[in-house]
>>> print(open('final-v4.cif').read())   # mmCIF, C-alpha atoms
data_final
loop_
_atom_site.label_atom_id
_atom_site.label_comp_id
_atom_site.auth_asym_id
_atom_site.auth_seq_id
_atom_site.Cartn_x
_atom_site.Cartn_y
_atom_site.Cartn_z
CA MET V 1055 -92.37 55.43 70.94
CA SER V 1056 -94.08 54.28 74.14
CA ARG V 1057 -94.98 50.67 74.85
CA SER V 1058 -98.66 51.63 75.01
CA HIS V 1059 -98.66 53.09 71.50
CA LEU V 1060 -101.36 51.48 69.35
CA ILE V 1061 -100.00 49.95 66.17
CA PRO V 1062 -102.44 49.61 63.23
CA LEU V 1063 -102.58 46.11 61.76
CA ASP V 1064 -104.52 44.50 58.94
CA GLY V 1065 -104.64 47.67 56.92
CA GLY V 1066 -105.66 49.74 59.91
CA LYS V 1067 -108.67 47.58 60.86
CA THR V 1068 -107.25 46.67 64.27
CA ARG V 1069 -104.88 48.42 66.65
CA VAL V 1070 -102.67 46.54 69.10
CA ARG V 1071 -100.37 47.87 71.82
CA ALA V 1072 -96.69 47.78 70.90
CA ASP V 1073 -95.74 45.73 73.97
CA ARG V 1074 -98.49 43.23 73.20
CA ILE V 1075 -97.07 42.73 69.71
CA ALA V 1076 -93.62 42.15 71.20
CA ALA V 1077 -94.95 39.61 73.70
CA ASP V 1078 -96.62 37.57 70.95
CA LEU V 1079 -93.52 37.33 68.76
CA PRO V 1080 -91.90 33.88 68.48
CA ALA V 1081 -88.29 33.37 69.49
CA SER V 1082 -87.30 33.08 65.83
CA ALA V 1083 -88.38 36.68 65.24
CA TRP V 1084 -85.52 38.06 67.36
CA GLN V 1085 -82.01 38.59 66.01
CA ARG V 1086 -79.00 39.61 68.11
CA ARG V 1087 -77.13 42.52 66.58
CA SER V 1088 -74.81 45.28 67.76
CA ALA V 1089 -76.12 48.83 67.84
CA GLY V 1090 -72.55 50.11 67.57
CA ALA V 1091 -69.51 50.41 69.77
CA GLY V 1092 -69.99 51.73 73.29
CA SER V 1093 -67.62 52.64 76.09
CA LYS V 1094 -67.49 48.95 77.10
CA GLY V 1095 -67.46 47.37 73.68
CA PRO V 1096 -70.19 46.43 71.17
CA ARG V 1097 -73.73 47.13 72.40
CA PHE V 1098 -75.58 43.90 71.63
CA TYR V 1099 -79.38 43.76 71.77
CA ASP V 1100 -82.08 41.45 70.46
CA TRP V 1101 -84.03 43.05 67.62
CA ALA V 1102 -87.37 42.25 66.02
CA TRP V 1103 -88.53 43.96 62.86
CA LEU V 1104 -92.11 44.07 61.65
CA ASP V 1105 -92.11 45.38 58.14
CA ASP V 1106 -94.98 47.47 56.75
CA VAL V 1107 -97.21 47.47 59.84
CA CYS V 1108 -97.57 51.18 60.62
CA THR V 1109 -100.11 51.97 57.97
CA ASP V 1110 -102.02 54.86 59.56
CA ALA V 1111 -99.66 57.46 58.03
CA ASP V 1112 -100.41 59.41 54.91
CA PRO V 1113 -100.62 56.80 52.13
CA ASP V 1114 -99.31 59.37 49.66
CA ASP V 1115 -96.06 60.13 51.50
CA GLY V 1116 -94.22 57.69 49.24
CA GLY V 1117 -92.26 56.15 52.11
CA HIS V 1118 -91.91 52.78 53.75
CA HIS V 1119 -93.18 52.27 57.33
CA SER V 1120 -92.16 49.57 59.81
CA LEU V 1121 -91.84 48.81 63.52
CA LEU V 1122 -88.48 48.03 65.13
CA ILE V 1123 -88.31 46.53 68.63
CA ARG V 1124 -85.16 46.39 70.76
CA ARG V 1125 -84.82 44.02 73.73
CA ASN V 1126 -82.07 44.25 76.35
CA THR V 1127 -80.25 40.92 76.51
CA THR V 1128 -79.85 41.16 80.31
CA THR V 1129 -82.96 42.86 81.67
CA GLY V 1130 -85.41 42.16 78.86
CA GLU V 1131 -86.35 45.85 78.75
CA LEU V 1132 -88.03 46.82 75.48
CA ALA V 1133 -87.70 49.90 73.32
CA PHE V 1134 -89.85 50.63 70.27
CA TYR V 1135 -88.99 52.55 67.10
CA ARG V 1136 -91.49 53.60 64.50
CA CYS V 1137 -89.47 53.76 61.30
CA TRP V 1138 -89.92 55.55 58.01
CA THR V 1139 -87.59 55.27 55.03
CA PRO V 1140 -87.97 56.70 51.53
CA ARG V 1141 -87.11 53.25 50.14
CA PRO V 1142 -87.23 49.74 51.62
CA ALA V 1143 -84.40 49.28 54.12
CA THR V 1144 -82.70 46.32 55.75
CA LEU V 1145 -82.68 45.40 59.43
CA ALA V 1146 -78.96 46.17 59.63
CA GLN V 1147 -79.54 49.71 58.35
CA LEU V 1148 -82.33 50.39 60.84
CA VAL V 1149 -80.31 49.00 63.76
CA ARG V 1150 -77.38 51.23 62.83
CA ILE V 1151 -79.59 54.32 62.72
CA ALA V 1152 -81.23 53.40 66.04
CA GLY V 1153 -77.78 53.06 67.58
CA ILE V 1154 -76.81 56.60 66.56
CA ARG V 1155 -79.18 57.97 69.21
CA TRP V 1156 -76.78 56.71 71.88
CA THR V 1157 -73.93 58.57 70.18
CA VAL V 1158 -75.92 61.81 70.16
CA GLU V 1159 -76.85 61.43 73.83
CA GLU V 1160 -73.21 60.71 74.71
CA ALA V 1161 -72.10 63.83 72.84
CA PHE V 1162 -74.55 66.04 74.74
CA GLN V 1163 -73.54 64.41 78.03
CA ALA V 1164 -69.87 65.04 77.25
CA ALA V 1165 -70.64 68.66 76.35
CA LYS V 1166 -72.39 69.17 79.67
CA GLY V 1167 -69.71 67.50 81.74
CA GLN V 1168 -66.59 68.75 79.95
CA VAL V 1169 -67.35 72.19 78.53
CA GLY V 1170 -70.41 73.34 80.53
CA LEU V 1171 -73.10 73.19 77.85
CA ASP V 1172 -75.82 73.33 80.53
CA GLN V 1173 -74.19 76.12 82.57
CA HIS V 1174 -75.52 79.09 80.63
CA GLN V 1175 -77.63 81.68 82.47
CA VAL V 1176 -78.87 83.69 79.52
CA ARG V 1177 -82.41 84.56 78.55
CA ARG V 1178 -82.05 85.88 75.02
CA TRP V 1179 -81.78 83.64 71.98
CA ASP V 1180 -78.70 85.43 70.62
CA SER V 1181 -76.80 84.96 73.88
CA TRP V 1182 -77.83 81.32 74.12
CA HIS V 1183 -76.81 80.68 70.52
CA ARG V 1184 -73.36 82.22 71.03
CA PHE V 1185 -72.78 80.32 74.26
CA THR V 1186 -73.87 77.01 72.75
CA THR V 1187 -71.71 77.54 69.66
CA LEU V 1188 -68.67 78.31 71.83
CA THR V 1189 -69.11 75.24 74.04
CA LEU V 1190 -69.64 72.88 71.10
CA ALA V 1191 -66.58 74.34 69.39
CA ALA V 1192 -64.57 73.66 72.56
CA LEU V 1193 -65.86 70.08 72.62
CA ALA V 1194 -64.89 69.68 68.96
CA VAL V 1195 -61.33 70.79 69.76
CA LEU V 1196 -61.09 68.22 72.56
CA ALA V 1197 -62.46 65.48 70.31
CA ILE V 1198 -60.01 66.36 67.52
CA CYS V 1199 -57.08 66.29 69.96
CA ALA V 1200 -58.13 62.86 71.22
CA ALA V 1201 -58.54 61.54 67.66
CA ASP V 1202 -55.17 62.94 66.58
CA ALA V 1203 -53.44 61.32 69.56
CA THR V 1204 -54.92 57.95 68.60
CA HIS V 1205 -53.86 58.36 64.99
CA ASP V 1206 -50.30 59.34 65.93
CA ASP V 1207 -49.80 56.43 68.35
CA PRO V 1208 -51.61 53.32 67.06
CA THR V 1209 -49.42 50.87 69.01
CA ASP V 1210 -50.67 48.96 72.05
CA THR V 1211 -49.11 50.62 75.10
CA GLY V 1212 -51.29 48.96 77.74
CA LEU V 1213 -53.26 52.19 78.15
CA ILE V 1214 -56.70 53.10 76.89
CA LYS V 1215 -56.79 55.64 74.10
CA LEU V 1216 -56.82 59.29 75.10
CA THR V 1217 -60.40 60.35 75.76
CA VAL V 1218 -62.03 63.77 75.64
CA ASN V 1219 -62.08 63.75 79.46
CA GLU V 1220 -58.36 63.04 79.70
CA VAL V 1221 -57.44 65.62 77.06
CA ARG V 1222 -59.38 68.27 78.99
CA ARG V 1223 -57.57 67.30 82.21
CA LEU V 1224 -54.18 67.54 80.53
CA ILE V 1225 -54.95 70.90 78.92
CA ASN V 1226 -56.26 72.22 82.23
CA ALA V 1227 -53.27 70.94 84.20
CA CYS V 1228 -50.47 71.68 81.74
CA ILE V 1229 -51.61 74.82 79.90
CA ILE V 1230 -54.40 76.72 81.61
CA ARG V 1231 -53.13 76.34 85.18
CA PRO V 1232 -49.53 77.17 86.16
CA ILE V 1233 -47.35 74.10 85.69
CA SER V 1234 -46.05 73.11 89.09
CA ASP V 1235 -44.93 69.60 88.16
CA LEU V 1236 -45.56 68.49 84.58
CA ALA V 1237 -44.14 65.00 85.17
CA HIS V 1238 -46.58 64.50 88.06
CA HIS V 1239 -49.60 65.37 85.90
CA LEU V 1240 -48.43 63.12 83.06
CA HIS V 1241 -47.82 60.27 85.50
CA TRP V 1242 -51.36 60.47 86.86
CA SER V 1243 -52.76 60.62 83.32
CA GLY V 1244 -50.93 57.40 82.46
CA TRP V 1245 -52.05 55.73 85.70
CA ARG V 1246 -55.71 56.55 85.04
CA ARG V 1247 -55.55 55.23 81.48
CA GLN V 1248 -53.76 52.05 82.57
CA HIS V 1249 -56.35 51.45 85.31
CA GLN V 1250 -59.20 52.01 82.83
CA ALA V 1251 -57.58 49.58 80.38
CA ARG V 1252 -57.43 46.85 83.06
CA ALA V 1253 -61.04 47.52 84.02
CA ARG V 1254 -62.12 47.22 80.39
CA ARG V 1255 -60.27 43.91 79.91
CA SER V 1256 -61.88 42.52 83.09
CA HIS V 1257 -65.31 43.61 81.86
CA TYR V 1258 -64.80 41.91 78.47
CA THR V 1259 -63.59 38.71 80.17
CA ARG V 1260 -66.56 38.63 82.53
CA ARG V 1261 -69.06 39.20 79.72
CA LEU V 1262 -67.45 36.48 77.61
CA ASN V 1263 -67.65 34.01 80.51
CA LEU V 1264 -71.33 34.83 81.01
CA GLU V 1265 -72.06 34.24 77.33
CA LEU V 1266 -70.27 30.88 77.38
CA GLN V 1267 -72.24 29.62 80.37
CA PRO V 1268 -74.94 27.08 79.44
#
>>> encode(input="final-v4.cif", output="structure tokens")
Amino acid sequence: MSRSHLIPLDGGKTRVRADRIAADLPASAWQRRSAGAGSKGPRFYDWAWLDDVCTDADPDDGGHHSLLIRRNTTTGELAFYRCWTPRPATLAQLVRIAGIRWTVEEAFQAAKGQVGLDQHQVRRWDSWHRFTTLTLAALAVLAICAADATHDDPTDTGLIKLTVNEVRRLINACIIRPISDLAHHLHWSGWRRQHQARARRSHYTRRLNLELQP
């Protein structure tokens, strides 16, 4: 929902811009919660929840309407969610659902970058459907391989867990292409994962130091 969207208040008698509502909220209205785990750890945002304010929908739909506002803890950037639930929900439930959007976007981004989801040049629906099904199946295989590797080796080796990107590189280097030097490819895979693990630890340390500053 855009920041300029007009939100009905007082039973629909007045309409106020979403960003104006956010600006008038007191500090006590905001709660810091994680929208789920990201590539660099938990994704913390400040959230404000205005229950039962979007009342211009069909009154007979039998659902529960509310407005959820997300604020970036660093930039202050706002995002607005117009929520509907069949039954009254909690803030934690709405935050979790809002965080799933990032997971969906990440999945599509991975499909484009790793298995060429956006590389089709077809004009018929049947061809597009077959191509999309094949690419998503390939992405599912990569994701399953990465998950299986994590399950089989739960110990801390100083490396990040195998990712979809790294699994694709290993399959491409060790199976699809002729194997010129398997040890060389495995060495570079370990070096990349070790470097990424150090970068992640440094990022966590820096963020913790920033949060502890007065």
>>> atom_distance(input="final-v4.cif", atom1="atom CA of V:Gln1163", atom2="atom CA of V:Ile1151")
19.3 Å
>>> residues_around(input="final-v4.cif", residues="stretch 1183-1187 of chain V", least_positions_apart="2", cutoff="10 Å", atoms="all atoms listed in the file", output="mmCIF file with C-alpha atoms, keeping the file's coordinate frame")
data_model
loop_
_atom_site.group_PDB
_atom_site.id
_atom_site.type_symbol
_atom_site.label_atom_id
_atom_site.label_comp_id
_atom_site.auth_asym_id
_atom_site.auth_seq_id
_atom_site.Cartn_x
_atom_site.Cartn_y
_atom_site.Cartn_z
ATOM 1 C CA ALA V 1165 -70.640 68.660 76.350
ATOM 2 C CA VAL V 1169 -67.350 72.190 78.530
ATOM 3 C CA GLY V 1170 -70.410 73.340 80.530
ATOM 4 C CA LEU V 1171 -73.100 73.190 77.850
ATOM 5 C CA ASP V 1172 -75.820 73.330 80.530
ATOM 6 C CA GLN V 1173 -74.190 76.120 82.570
ATOM 7 C CA HIS V 1174 -75.520 79.090 80.630
ATOM 8 C CA GLN V 1175 -77.630 81.680 82.470
ATOM 9 C CA VAL V 1176 -78.870 83.690 79.520
ATOM 10 C CA ARG V 1178 -82.050 85.880 75.020
ATOM 11 C CA TRP V 1179 -81.780 83.640 71.980
ATOM 12 C CA ASP V 1180 -78.700 85.430 70.620
ATOM 13 C CA SER V 1181 -76.800 84.960 73.880
ATOM 14 C CA THR V 1189 -69.110 75.240 74.040
ATOM 15 C CA LEU V 1190 -69.640 72.880 71.100
ATOM 16 C CA ALA V 1191 -66.580 74.340 69.390
ATOM 17 C CA ALA V 1192 -64.570 73.660 72.560
ATOM 18 C CA LEU V 1193 -65.860 70.080 72.620
#
>>> axis_aligned_box(input="final-v4.cif", around="stretch 1160-1164 of chain V", padding_each_side="4 Å", output="lines of an AutoDock Vina configuration file")
center_x = -72.2
center_y = 63.4
center_z = 75.4
size_x = 12.7
size_y = 13.3
size_z = 13.2
>>> closest_residue(input="final-v4.cif", among="V:Ala1133, V:Ala1143, V:Ile1225, V:Val1070", to="V:Gly1117", atoms="all atoms listed in the file")
V:Ala1143
>>> resolve_selection(input="final-v4.cif", expression="the PyMOL selection byres ((chain V and resi 1088-1097) around 12)", output="MDAnalysis selection string")
chainID V and resid 1085:1087 1098:1101 1124:1128 1145:1157 1159:1160 1214:1215 1217 1250:1262
>>> atom_distance(input="final-v4.cif", atom1="atom CA of V:Cys1228", atom2="atom CA of V:Phe1162")
25.7 Å
>>> atom_distance(input="final-v4.cif", atom1="atom CA of V:Arg1177", atom2="atom CA of V:Arg1222")
28.2 Å
>>> closest_residue(input="final-v4.cif", among="V:Trp1245, V:Glu1131, V:Leu1213, V:Ile1123", to="V:Ala1072", atoms="all atoms listed in the file")
V:Ile1123
>>> decode(input="final-v4.cif", residues="stretch 1154-1179 of chain V", atoms="N, CA, C and O atoms", output="compact mmCIF listing (two decimals), in the first residue's frame")
# COMPACT_ATOMS: atom_id res chain seq x y z
N ILE V 1154 7.17 -12.85 5.17
CA ILE V 1154 7.23 -13.90 4.15
C ILE V 1154 7.43 -13.29 2.77
O ILE V 1154 8.01 -13.93 1.89
N ARG V 1155 6.98 -12.06 2.56
CA ARG V 1155 7.15 -11.43 1.25
C ARG V 1155 8.62 -11.40 0.87
O ARG V 1155 8.97 -11.63 -0.30
N TRP V 1156 9.50 -11.14 1.82
CA TRP V 1156 10.94 -11.12 1.53
C TRP V 1156 11.39 -12.50 1.07
O TRP V 1156 12.20 -12.62 0.15
N THR V 1157 10.88 -13.55 1.69
CA THR V 1157 11.25 -14.91 1.30
C THR V 1157 10.83 -15.21 -0.13
O THR V 1157 11.58 -15.81 -0.90
N VAL V 1158 9.62 -14.78 -0.49
CA VAL V 1158 9.13 -15.00 -1.85
C VAL V 1158 10.00 -14.25 -2.86
O VAL V 1158 10.38 -14.78 -3.91
N GLU V 1159 10.32 -12.99 -2.56
CA GLU V 1159 11.16 -12.20 -3.46
C GLU V 1159 12.55 -12.82 -3.60
O GLU V 1159 13.12 -12.85 -4.69
N GLU V 1160 13.10 -13.32 -2.48
CA GLU V 1160 14.40 -13.98 -2.53
C GLU V 1160 14.36 -15.23 -3.40
O GLU V 1160 15.31 -15.53 -4.13
N ALA V 1161 13.26 -15.98 -3.31
CA ALA V 1161 13.13 -17.20 -4.10
C ALA V 1161 13.09 -16.88 -5.60
O ALA V 1161 13.75 -17.54 -6.41
N PHE V 1162 12.34 -15.85 -5.97
CA PHE V 1162 12.29 -15.46 -7.38
C PHE V 1162 13.65 -14.93 -7.85
O PHE V 1162 14.07 -15.20 -8.98
N GLN V 1163 14.33 -14.17 -7.00
CA GLN V 1163 15.65 -13.66 -7.35
C GLN V 1163 16.63 -14.81 -7.55
O GLN V 1163 17.44 -14.80 -8.49
N ALA V 1164 16.57 -15.80 -6.66
CA ALA V 1164 17.44 -16.97 -6.80
C ALA V 1164 17.13 -17.74 -8.08
O ALA V 1164 18.03 -18.21 -8.77
N ALA V 1165 15.84 -17.87 -8.40
CA ALA V 1165 15.46 -18.58 -9.62
C ALA V 1165 15.96 -17.86 -10.87
O ALA V 1165 16.39 -18.49 -11.83
N LYS V 1166 15.96 -16.54 -10.84
CA LYS V 1166 16.46 -15.79 -11.99
C LYS V 1166 17.98 -15.91 -12.11
O LYS V 1166 18.52 -16.07 -13.20
N GLY V 1167 18.66 -15.81 -10.97
CA GLY V 1167 20.12 -15.81 -11.01
C GLY V 1167 20.74 -17.18 -11.17
O GLY V 1167 21.82 -17.30 -11.76
N GLN V 1168 20.08 -18.23 -10.65
CA GLN V 1168 20.70 -19.55 -10.62
C GLN V 1168 20.20 -20.50 -11.71
O GLN V 1168 20.97 -21.34 -12.19
N VAL V 1169 18.94 -20.40 -12.06
CA VAL V 1169 18.39 -21.35 -13.04
C VAL V 1169 17.73 -20.67 -14.24
O VAL V 1169 17.08 -21.33 -15.04
N GLY V 1170 17.90 -19.35 -14.37
CA GLY V 1170 17.45 -18.65 -15.58
C GLY V 1170 15.95 -18.51 -15.73
O GLY V 1170 15.42 -18.61 -16.84
N LEU V 1171 15.24 -18.25 -14.63
CA LEU V 1171 13.79 -18.11 -14.71
C LEU V 1171 13.37 -17.02 -15.67
O LEU V 1171 12.34 -17.12 -16.34
N ASP V 1172 14.16 -15.94 -15.78
CA ASP V 1172 13.78 -14.82 -16.64
C ASP V 1172 14.43 -14.89 -18.02
O ASP V 1172 14.42 -13.91 -18.76
N GLN V 1173 14.97 -16.05 -18.41
CA GLN V 1173 15.67 -16.16 -19.68
C GLN V 1173 14.82 -16.78 -20.79
O GLN V 1173 15.34 -17.06 -21.86
N HIS V 1174 13.56 -17.00 -20.54
CA HIS V 1174 12.73 -17.62 -21.57
C HIS V 1174 12.45 -16.62 -22.69
O HIS V 1174 12.37 -15.41 -22.48
N GLN V 1175 12.31 -17.15 -23.91
CA GLN V 1175 11.98 -16.33 -25.08
C GLN V 1175 10.82 -16.99 -25.82
O GLN V 1175 10.87 -17.22 -27.03
N VAL V 1176 9.79 -17.29 -25.08
CA VAL V 1176 8.63 -17.96 -25.64
C VAL V 1176 7.44 -17.00 -25.62
O VAL V 1176 7.39 -16.06 -24.84
N ARG V 1177 6.49 -17.27 -26.50
CA ARG V 1177 5.34 -16.38 -26.62
C ARG V 1177 4.02 -17.08 -26.39
O ARG V 1177 2.98 -16.44 -26.34
N ARG V 1178 4.04 -18.38 -26.26
CA ARG V 1178 2.81 -19.13 -26.01
C ARG V 1178 2.76 -19.54 -24.54
O ARG V 1178 3.79 -19.80 -23.91
N TRP V 1179 1.55 -19.61 -24.01
CA TRP V 1179 1.39 -19.91 -22.60
C TRP V 1179 1.93 -21.30 -22.27
O TRP V 1179 2.58 -21.50 -21.24
